[in-house]
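Asks: Encoded as structure tokens, here's the structure I'll be asking about.
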Amino acid sequence: MSNVFPLPDVGEGLTEADIVAWKVAEGDTVTVNQILVEIETAKSLVELPSPQAGTIEALLVGEGETVDVGTPIVRFGGEGSDGSERAGTTPVAEPGAPAPDQTDAVPAPTETGDGTAGPNLVGYGVRAASSKRRPRKQAGSPQAAAQPAPEAPASRAAPAADTETAPSAAPAEAQPRTDGPADPGASAGRVLAKPPVRKLAKDRGIDLAGVRATGSRGEVTRADLLAHLDGGSEQETPAGAATPAGSAGASAAVGTAAAAAQPGSEERVPLKGVNRMMAKAMVDSAFTAPHVTEFLDVDVTRTMEFVRHLKSTQLLGPDVKVSPLLVVARAVIWAALRTPRINAVLDGDDVVIKHYVNLGIAAATPRGLVVPNIKNAHALGLGALAQEIVGLTAAARAGRSTPASQAGGTITITNVGVFGVDSGTPIINPGESAIVAFGSIRKRPWVVDDEIVPREITTLSVSADHRVVDGAAISQFLADIGRALEEPLVMLS
């Protein structure tokens with residue numbers, strides 16, 4: 001008897017996902033919670049674990065395809081598919097998380113796509129399949145593109161291009177991909193690289209055969225690819241490195257600016273996943289909330305002195321990364337609590353004023369713009385806030401920002417200054433009423449005690465929903481941020 005595993009709703013009511021990389025091949029024997037596939041939702045990358053033990057009879061969807069929640073993606077068959085290993089002795093893992101070492105009870109079985117029983121893993125909860133789905137692509141299907149895996153029996157087929165068959169006893173991520181068609185210009189099966197690296201290379205038009213590999217198995221790593229793109233050095237993408245204003249262009253720039261395109265040519269990039277969600281959210285926000293934007297030039301010389309002091313003395317700890325963004329974040333939190341109306345949202349005929357701050361940090365990533373937020377940021381000290389910013393940035397850059405981390409924000413910062421940009425008119429993140437843009441810090445002539453002296457200056461801008469916040473509240477909020485950055489002791493005392 002065989003049964004199918006439908007694409008689950010991994011949270012936040014998502015309705016579809018892209019198949020990024022299969023971690024198993026047809027004919028593989030899998031265990032409960034072994035990772036089957038990596039998918040990209042509208043918000044993040046997620047690894048889906050197997051709901052049962054058994055043999056992979058067929059992979060029903062190819063890499064690169066977009067499928068609706070509830071669409072069958074794997075068919076199980078052979079030993080173990082009868083549910084004999086589903087009893088409550090195998091640990092349950094969250095999608096995208098490693099299986100725990102100790103055993104735990106498996107939730108009560110739920111009905112699978114063909115009516116057979118299967119466990120409802122944590123984070124799943126498959127919604128009813130949509131009665132109207134887009135046509136499935138045939139060219140990219142696993143059956144059409146199957147090739148023998150290098151170290152597998154001859155009868156076993158690889159699931160799709162750019163993937164490999166990994167031994168079921170070892171994590172799939174630990175194995176470099178060696179089979180499938182190589183990237184344009186590369187010798188088939190000769191360049192080692194994991195699927196996410198291959199996808200990034202493909203998106204940017206890079207021939208992996210020309211990239212210097214430094215991986216332990218001779219594979220091209222993400223760092224190798226970024227170093228190749230940057231001419232030998234990887235440039236860190238900090239949190240808040242993009243603004244929702246013009247975000248479609250900003251995201252496209254992140255993904256395609258380094259592509260080796262010929263002058264006069266055109267490039268067509270599908271608007272999907274994170275980019276599609278971001279585009280829709282920005283349109284909804286721009287044409288729903290009446291935006292008003294105010295600007296303020298601020299002397300941040302003392303803020304920069306404070307940052308340099310924290311770095312040199314390591315007062316927050318030797319492993320804590322200190323940056324001007326940290327002080328700006330603290331200033332925004334302080335100012336928002338002083339003007340609660342800026343930290344509110346319109347809900348029907350009511351204005352909901354939130355006396356807590358879930359601080360969003362807009363982050364530009366290779367997959368697009370995401371805005372995860374730091375929950376209860378108002379309750380954190382400087383050291384904890386710095387660590388949260390670093391952790392949030394790392395997760396966003398790796399594509400691991402969860403839907404939960406991007407929900408519930410109350411106000412957002414976008415750091416356009418990392419691009420050398422002085423200011424902008426950012427679009428408000430949906431569900432919030434204000435966003436602060438932090439521009440570049442430059443030495444400029446400034447009047448101090450009637451004398452012109454060089455000072456470190458930045459430009460702040462705030463866009464706010466004029467249905468919720470009037471001009472006086474916006475001005476007071478912006479002035480408070482400026483005052484805190486001119487003299488950090490004001491908000492720290």
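Ordering of the structure tokens sets the chain letters (A, B, ...); residue numbers start at 1 within each chain; ligands are numbered from 1 in the order shown.
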So which bits of stretch 238-415 of chain A end up strand (DSSP E) when you DSSP the backbone, as a ChimeraX atom specification?
Replies: /A:291-299,344-347,350-353,359-361,363-365,368-370,373-374,411-414
Asks: Please, could you write that set of residues out with N, CA and C atoms as an mmCIF file, in the first residue's frame?
Replies:
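File part_31.cif, as written:
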data_model
loop_
_atom_site.group_PDB
_atom_site.id
_atom_site.type_symbol
_atom_site.label_atom_id
_atom_site.label_comp_id
_atom_site.auth_asym_id
_atom_site.auth_seq_id
_atom_site.Cartn_x
_atom_site.Cartn_y
_atom_site.Cartn_z
ATOM 1 N N HIS A 291 0.313 58.066 3.387
ATOM 2 C CA HIS A 291 1.643 58.295 3.958
ATOM 3 C C HIS A 291 1.972 59.775 4.040
ATOM 4 N N VAL A 292 2.625 60.142 5.123
ATOM 5 C CA VAL A 292 3.224 61.471 5.236
ATOM 6 C C VAL A 292 4.635 61.264 5.756
ATOM 7 N N THR A 293 5.609 62.004 5.192
ATOM 8 C CA THR A 293 7.010 61.806 5.559
ATOM 9 C C THR A 293 7.629 63.121 6.023
ATOM 10 N N GLU A 294 8.373 63.048 7.123
ATOM 11 C CA GLU A 294 9.106 64.204 7.633
ATOM 12 C C GLU A 294 10.590 63.859 7.727
ATOM 13 N N PHE A 295 11.445 64.883 7.638
ATOM 14 C CA PHE A 295 12.901 64.696 7.608
ATOM 15 C C PHE A 295 13.560 65.536 8.694
ATOM 16 N N LEU A 296 14.724 65.062 9.157
ATOM 17 C CA LEU A 296 15.478 65.813 10.160
ATOM 18 C C LEU A 296 16.957 65.480 10.041
ATOM 19 N N ASP A 297 17.805 66.522 9.898
ATOM 20 C CA ASP A 297 19.261 66.339 9.955
ATOM 21 C C ASP A 297 19.684 66.369 11.423
ATOM 22 N N VAL A 298 20.543 65.421 11.801
ATOM 23 C CA VAL A 298 20.908 65.271 13.210
ATOM 24 C C VAL A 298 22.425 65.196 13.340
ATOM 25 N N ASP A 299 22.946 65.899 14.331
ATOM 26 C CA ASP A 299 24.369 65.818 14.689
ATOM 27 C C ASP A 299 24.559 64.579 15.578
ATOM 28 N N ALA A 344 0.956 52.643 17.021
ATOM 29 C CA ALA A 344 -0.432 52.200 17.008
ATOM 30 C C ALA A 344 -0.786 51.686 15.621
ATOM 31 N N VAL A 345 -1.999 51.139 15.499
ATOM 32 C CA VAL A 345 -2.459 50.647 14.206
ATOM 33 C C VAL A 345 -3.968 50.818 14.141
ATOM 34 N N LEU A 346 -4.483 51.084 12.951
ATOM 35 C CA LEU A 346 -5.918 51.234 12.750
ATOM 36 C C LEU A 346 -6.553 49.866 12.555
ATOM 37 N N ASP A 347 -7.543 49.541 13.375
ATOM 38 C CA ASP A 347 -8.265 48.277 13.284
ATOM 39 C C ASP A 347 -9.747 48.586 13.184
ATOM 40 N N ASP A 350 -11.335 51.472 15.221
ATOM 41 C CA ASP A 350 -10.565 51.705 16.439
ATOM 42 C C ASP A 350 -9.090 51.891 16.130
ATOM 43 N N VAL A 351 -8.440 52.732 16.918
ATOM 44 C CA VAL A 351 -6.978 52.856 16.888
ATOM 45 C C VAL A 351 -6.436 52.063 18.064
ATOM 46 N N VAL A 352 -5.644 51.033 17.763
ATOM 47 C CA VAL A 352 -5.076 50.188 18.808
ATOM 48 C C VAL A 352 -3.685 50.713 19.145
ATOM 49 N N ILE A 353 -3.545 51.291 20.325
ATOM 50 C CA ILE A 353 -2.258 51.835 20.775
ATOM 51 C C ILE A 353 -1.524 50.758 21.561
ATOM 52 N N LEU A 359 10.194 45.681 17.546
ATOM 53 C CA LEU A 359 10.950 46.518 16.613
ATOM 54 C C LEU A 359 11.352 45.745 15.360
ATOM 55 N N GLY A 360 10.834 46.157 14.217
ATOM 56 C CA GLY A 360 11.192 45.546 12.945
ATOM 57 C C GLY A 360 12.476 46.142 12.393
ATOM 58 N N ILE A 361 13.309 45.285 11.808
ATOM 59 C CA ILE A 361 14.536 45.725 11.145
ATOM 60 C C ILE A 361 14.465 45.232 9.703
ATOM 61 N N ALA A 363 15.588 44.040 6.307
ATOM 62 C CA ALA A 363 16.840 43.390 5.930
ATOM 63 C C ALA A 363 16.816 42.995 4.462
ATOM 64 N N ALA A 364 17.837 43.423 3.725
ATOM 65 C CA ALA A 364 17.980 43.027 2.322
ATOM 66 C C ALA A 364 18.753 41.723 2.280
ATOM 67 N N THR A 365 18.190 40.719 1.643
ATOM 68 C CA THR A 365 18.825 39.407 1.542
ATOM 69 C C THR A 365 18.845 38.986 0.079
ATOM 70 N N GLY A 368 15.421 38.520 -1.191
ATOM 71 C CA GLY A 368 14.474 39.631 -1.195
ATOM 72 C C GLY A 368 14.448 40.323 0.155
ATOM 73 N N LEU A 369 13.554 41.286 0.275
ATOM 74 C CA LEU A 369 13.435 42.087 1.488
ATOM 75 C C LEU A 369 12.543 41.390 2.501
ATOM 76 N N VAL A 370 13.028 41.231 3.717
ATOM 77 C CA VAL A 370 12.220 40.697 4.805
ATOM 78 C C VAL A 370 12.318 41.640 5.985
ATOM 79 N N ASN A 373 11.082 41.043 13.304
ATOM 80 C CA ASN A 373 11.072 42.030 14.386
ATOM 81 C C ASN A 373 11.510 41.420 15.707
ATOM 82 N N ILE A 374 12.047 42.279 16.566
ATOM 83 C CA ILE A 374 12.516 41.893 17.894
ATOM 84 C C ILE A 374 11.353 42.062 18.861
ATOM 85 N N ILE A 411 6.665 48.800 14.838
ATOM 86 C CA ILE A 411 7.329 49.922 14.164
ATOM 87 C C ILE A 411 8.640 49.393 13.587
ATOM 88 N N THR A 412 9.104 49.985 12.479
ATOM 89 C CA THR A 412 10.245 49.433 11.755
ATOM 90 C C THR A 412 11.322 50.483 11.510
ATOM 91 N N ILE A 413 12.583 50.000 11.472
ATOM 92 C CA ILE A 413 13.727 50.819 11.055
ATOM 93 C C ILE A 413 14.276 50.243 9.760
ATOM 94 N N THR A 414 14.601 51.112 8.808
ATOM 95 C CA THR A 414 15.302 50.692 7.611
ATOM 96 C C THR A 414 16.583 51.510 7.485
#
Asks: For a test of reading the model, state the distance in Å between atom CA of A:Ala479 and atom CA of A:Asp450, rounded to one decimal.
Replies: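 About the pair atom CA of A:Ala479 and atom CA of A:Asp450: they are 21.7 Å apart.
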Asks: Can you work out the spacing between atom CA of A:Pro488 and atom CA of A:Gly317 in Å, to one decimal?
Replies: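 Atom-to-atom, atom CA of A:Pro488 to atom CA of A:Gly317, that is 19.3 Å.
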Asks: Compile the contact shell of stretch 303-313 of chain A as a VMD selection string: residues with an atom at most 12 Å away, counting only C-alpha atoms, same-chain residues fewer than 6 positions apart removed.
Replies: chain A and resid 319 to 328 330 to 331 382 to 383 386 441 to 443 455 to 458 481 to 492
Asks: Save out the residues we just selected, N, CA and C atoms, as a compact mmCIF listing (two decimals), in the first residue's frame.
Replies:
# COMPACT_ATOMS: atom_id res chain seq x y z
N ASP A 319 31.83 39.65 22.88
CA ASP A 319 31.26 39.08 21.66
C ASP A 319 30.05 39.86 21.14
N VAL A 320 29.79 41.02 21.73
CA VAL A 320 28.62 41.81 21.33
C VAL A 320 29.03 42.80 20.25
N LYS A 321 28.32 42.74 19.13
CA LYS A 321 28.61 43.65 18.02
C LYS A 321 27.90 44.97 18.25
N VAL A 322 28.66 46.05 18.28
CA VAL A 322 28.11 47.38 18.51
C VAL A 322 28.18 48.18 17.21
N SER A 323 27.09 48.83 16.86
CA SER A 323 27.02 49.63 15.64
C SER A 323 26.14 50.84 15.87
N PRO A 324 26.22 51.84 15.00
CA PRO A 324 25.30 52.97 15.13
C PRO A 324 23.84 52.56 15.08
N LEU A 325 23.53 51.47 14.33
CA LEU A 325 22.14 50.99 14.25
C LEU A 325 21.61 50.62 15.63
N LEU A 326 22.48 50.10 16.48
CA LEU A 326 22.07 49.73 17.83
C LEU A 326 21.56 50.95 18.59
N VAL A 327 22.29 52.06 18.50
CA VAL A 327 21.89 53.28 19.22
C VAL A 327 20.62 53.86 18.60
N VAL A 328 20.52 53.81 17.27
CA VAL A 328 19.30 54.28 16.60
C VAL A 328 18.10 53.45 17.05
N ARG A 330 17.68 51.86 19.88
CA ARG A 330 17.32 52.27 21.24
C ARG A 330 16.60 53.61 21.24
N ALA A 331 17.04 54.52 20.39
CA ALA A 331 16.41 55.84 20.32
C ALA A 331 14.97 55.74 19.80
N LEU A 382 20.92 47.31 26.32
CA LEU A 382 21.70 47.51 25.10
C LEU A 382 22.38 46.23 24.63
N GLY A 383 22.95 45.47 25.56
CA GLY A 383 23.64 44.24 25.17
C GLY A 383 22.70 43.23 24.56
N ALA A 386 21.56 44.38 21.14
CA ALA A 386 22.60 44.17 20.12
C ALA A 386 22.63 42.72 19.66
N ILE A 441 26.02 58.37 7.59
CA ILE A 441 26.65 59.33 8.50
C ILE A 441 27.86 59.92 7.81
N ARG A 442 27.87 61.24 7.66
CA ARG A 442 28.95 61.93 6.95
C ARG A 442 29.46 63.10 7.78
N LYS A 443 30.71 63.44 7.59
CA LYS A 443 31.24 64.66 8.20
C LYS A 443 30.82 65.85 7.35
N ARG A 455 31.27 68.12 11.88
CA ARG A 455 30.55 67.22 12.78
C ARG A 455 30.05 66.02 11.97
N GLU A 456 29.73 64.92 12.66
CA GLU A 456 29.18 63.73 12.01
C GLU A 456 27.65 63.87 11.99
N ILE A 457 27.12 63.90 10.77
CA ILE A 457 25.71 64.23 10.57
C ILE A 457 25.01 63.09 9.83
N THR A 458 23.77 62.84 10.21
CA THR A 458 22.93 61.91 9.46
C THR A 458 21.58 62.55 9.22
N ILE A 481 13.81 61.29 18.62
CA ILE A 481 14.89 60.45 18.11
C ILE A 481 16.14 61.28 17.89
N GLY A 482 15.95 62.45 17.27
CA GLY A 482 17.09 63.34 17.02
C GLY A 482 17.77 63.76 18.31
N ARG A 483 16.98 64.08 19.33
CA ARG A 483 17.55 64.52 20.61
C ARG A 483 18.35 63.39 21.26
N ALA A 484 17.83 62.16 21.15
CA ALA A 484 18.52 61.02 21.75
C ALA A 484 19.83 60.71 21.04
N LEU A 485 19.87 60.93 19.74
CA LEU A 485 21.10 60.66 18.99
C LEU A 485 22.12 61.78 19.17
N GLU A 486 21.64 63.00 19.41
CA GLU A 486 22.57 64.10 19.69
C GLU A 486 23.21 63.92 21.05
N GLU A 487 22.45 63.37 22.01
CA GLU A 487 22.98 63.14 23.36
C GLU A 487 22.42 61.83 23.88
N PRO A 488 23.10 60.70 23.66
CA PRO A 488 22.58 59.39 24.04
C PRO A 488 22.24 59.26 25.53
N LEU A 489 22.88 60.03 26.40
CA LEU A 489 22.61 59.94 27.83
C LEU A 489 21.16 60.29 28.16
N VAL A 490 20.51 61.05 27.25
CA VAL A 490 19.12 61.44 27.48
C VAL A 490 18.23 60.23 27.61
N MET A 491 18.44 59.24 26.76
CA MET A 491 17.56 58.05 26.77
C MET A 491 18.12 56.94 27.67
N LEU A 492 19.34 57.06 28.11
CA LEU A 492 19.94 56.02 28.92
C LEU A 492 19.90 56.34 30.41
Asks: Measuring atom to atom with only C-alpha atoms, identify which of A:Pro366, A:Pro403, A:Pro8, A:Pro454 is nearest to A:Val197.
Replies: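 Residue with the minimum atom-to-atom distance to A:Val197: A:Pro366.
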Asks: If we count only C-alpha atoms, what is near A:Gly431 at a cut-off of 8 Å, once residues fewer than 2 positions away on the same chain are taken out, given as number ranges by chain?
Replies: A: 345, 408-410, 429, 433
Asks: Can I get the selection written as a compact mmCIF listing (two decimals), in the first residue's frame, with C-alpha atoms?
Replies:
# COMPACT_ATOMS: atom_id res chain seq x y z
CA VAL A 345 -2.46 50.65 14.21
CA GLY A 408 3.38 41.27 15.11
CA GLY A 409 5.76 44.16 14.46
CA THR A 410 4.76 47.58 15.78
CA ASN A 429 5.30 47.88 6.82
CA SER A 433 1.77 52.97 11.35
Asks: Restricting the calculation to only C-alpha atoms: of A:Tyr356, A:Phe438, A:Phe5, A:Trp22, which residue gets closest to A:Val300?
Replies: A:Phe438
Asks: Could you jot down the atom CA of A:Glu40 to atom CA of A:Val274 separation for me, Å, one decimal place?
Replies: 8.1 Å
Asks: Please, which residues of stretch 246-428 of chain A, numbered as in this document, come out helix (DSSP H, G or I) from DSSP, as an mmCIF file with C-alpha atoms, in the first residue's frame?
Replies:
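The result, written out as states_18.cif:
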data_model
loop_
_atom_site.group_PDB
_atom_site.id
_atom_site.type_symbol
_atom_site.label_atom_id
_atom_site.label_comp_id
_atom_site.auth_asym_id
_atom_site.auth_seq_id
_atom_site.Cartn_x
_atom_site.Cartn_y
_atom_site.Cartn_z
ATOM 1 C CA SER A 247 11.631 47.733 -2.284
ATOM 2 C CA ALA A 248 10.969 45.823 -5.476
ATOM 3 C CA GLY A 249 13.901 47.593 -7.072
ATOM 4 C CA ALA A 250 16.053 47.170 -3.991
ATOM 5 C CA SER A 251 15.413 43.435 -3.859
ATOM 6 C CA ALA A 252 16.056 43.028 -7.562
ATOM 7 C CA ALA A 253 19.340 44.862 -7.139
ATOM 8 C CA VAL A 254 20.413 42.453 -4.411
ATOM 9 C CA GLY A 255 19.634 39.415 -6.551
ATOM 10 C CA THR A 256 20.803 40.504 -10.000
ATOM 11 C CA GLY A 273 8.435 33.717 -3.027
ATOM 12 C CA VAL A 274 9.626 36.498 -0.717
ATOM 13 C CA ASN A 275 9.773 39.056 -3.525
ATOM 14 C CA ARG A 276 6.177 38.465 -4.592
ATOM 15 C CA MET A 277 4.868 38.752 -1.046
ATOM 16 C CA MET A 278 6.899 41.904 -0.471
ATOM 17 C CA ALA A 279 5.622 43.481 -3.689
ATOM 18 C CA LYS A 280 2.011 42.799 -2.768
ATOM 19 C CA ALA A 281 2.489 44.083 0.780
ATOM 20 C CA MET A 282 4.047 47.325 -0.437
ATOM 21 C CA VAL A 283 1.242 47.956 -2.921
ATOM 22 C CA ASP A 284 -1.382 47.271 -0.271
ATOM 23 C CA SER A 285 0.337 49.609 2.188
ATOM 24 C CA ALA A 286 0.991 52.424 -0.286
ATOM 25 C CA THR A 301 28.901 63.056 16.762
ATOM 26 C CA ARG A 302 28.265 62.040 20.378
ATOM 27 C CA THR A 303 26.462 58.888 19.253
ATOM 28 C CA MET A 304 29.517 57.893 17.240
ATOM 29 C CA GLU A 305 31.774 58.668 20.206
ATOM 30 C CA PHE A 306 29.505 56.471 22.330
ATOM 31 C CA VAL A 307 29.697 53.622 19.783
ATOM 32 C CA ARG A 308 33.485 53.850 19.638
ATOM 33 C CA HIS A 309 33.636 53.879 23.455
ATOM 34 C CA LEU A 310 31.482 50.739 23.714
ATOM 35 C CA LYS A 311 33.650 48.989 21.138
ATOM 36 C CA SER A 312 36.969 49.887 22.753
ATOM 37 C CA THR A 313 35.909 49.076 26.323
ATOM 38 C CA PRO A 324 25.301 52.972 15.126
ATOM 39 C CA LEU A 325 22.144 50.995 14.250
ATOM 40 C CA LEU A 326 22.067 49.731 17.835
ATOM 41 C CA VAL A 327 21.888 53.279 19.217
ATOM 42 C CA VAL A 328 19.298 54.283 16.603
ATOM 43 C CA ALA A 329 17.214 51.257 17.589
ATOM 44 C CA ARG A 330 17.323 52.266 21.241
ATOM 45 C CA ALA A 331 16.407 55.838 20.320
ATOM 46 C CA VAL A 332 13.405 54.721 18.255
ATOM 47 C CA ILE A 333 12.164 52.519 21.099
ATOM 48 C CA TRP A 334 12.570 55.365 23.602
ATOM 49 C CA ALA A 335 10.798 57.881 21.347
ATOM 50 C CA ALA A 336 7.950 55.454 20.532
ATOM 51 C CA LEU A 337 7.190 54.968 24.208
ATOM 52 C CA ARG A 338 7.113 58.750 24.668
ATOM 53 C CA PRO A 340 2.491 56.001 21.907
ATOM 54 C CA ARG A 341 0.297 57.102 19.011
ATOM 55 C CA ILE A 342 3.195 56.440 16.614
ATOM 56 C CA ASN A 343 3.215 52.836 17.868
ATOM 57 C CA ALA A 377 12.430 45.229 22.377
ATOM 58 C CA HIS A 378 11.482 47.892 24.915
ATOM 59 C CA ALA A 379 12.361 45.469 27.733
ATOM 60 C CA LEU A 382 21.696 47.510 25.098
ATOM 61 C CA GLY A 383 23.640 44.241 25.169
ATOM 62 C CA ALA A 384 20.583 42.057 24.686
ATOM 63 C CA LEU A 385 19.271 44.374 21.976
ATOM 64 C CA ALA A 386 22.601 44.174 20.125
ATOM 65 C CA GLN A 387 22.530 40.372 20.234
ATOM 66 C CA GLU A 388 18.960 40.292 18.977
ATOM 67 C CA ILE A 389 19.870 42.510 16.021
ATOM 68 C CA VAL A 390 22.820 40.278 15.111
ATOM 69 C CA GLY A 391 20.756 37.101 15.433
ATOM 70 C CA LEU A 392 17.905 38.552 13.426
ATOM 71 C CA THR A 393 20.343 39.619 10.696
ATOM 72 C CA ALA A 394 21.994 36.209 10.487
ATOM 73 C CA ALA A 395 18.653 34.414 10.248
ATOM 74 C CA ALA A 396 17.418 36.779 7.542
ATOM 75 C CA ARG A 397 20.618 36.426 5.512
ATOM 76 C CA ALA A 404 6.397 34.166 13.435
ATOM 77 C CA SER A 405 9.498 36.380 13.518
ATOM 78 C CA GLN A 406 7.968 38.602 10.838
ATOM 79 C CA VAL A 416 19.519 53.015 3.940
ATOM 80 C CA GLY A 417 22.803 54.536 5.083
ATOM 81 C CA VAL A 418 24.726 51.292 4.478
ATOM 82 C CA PHE A 419 24.324 51.996 0.757
#
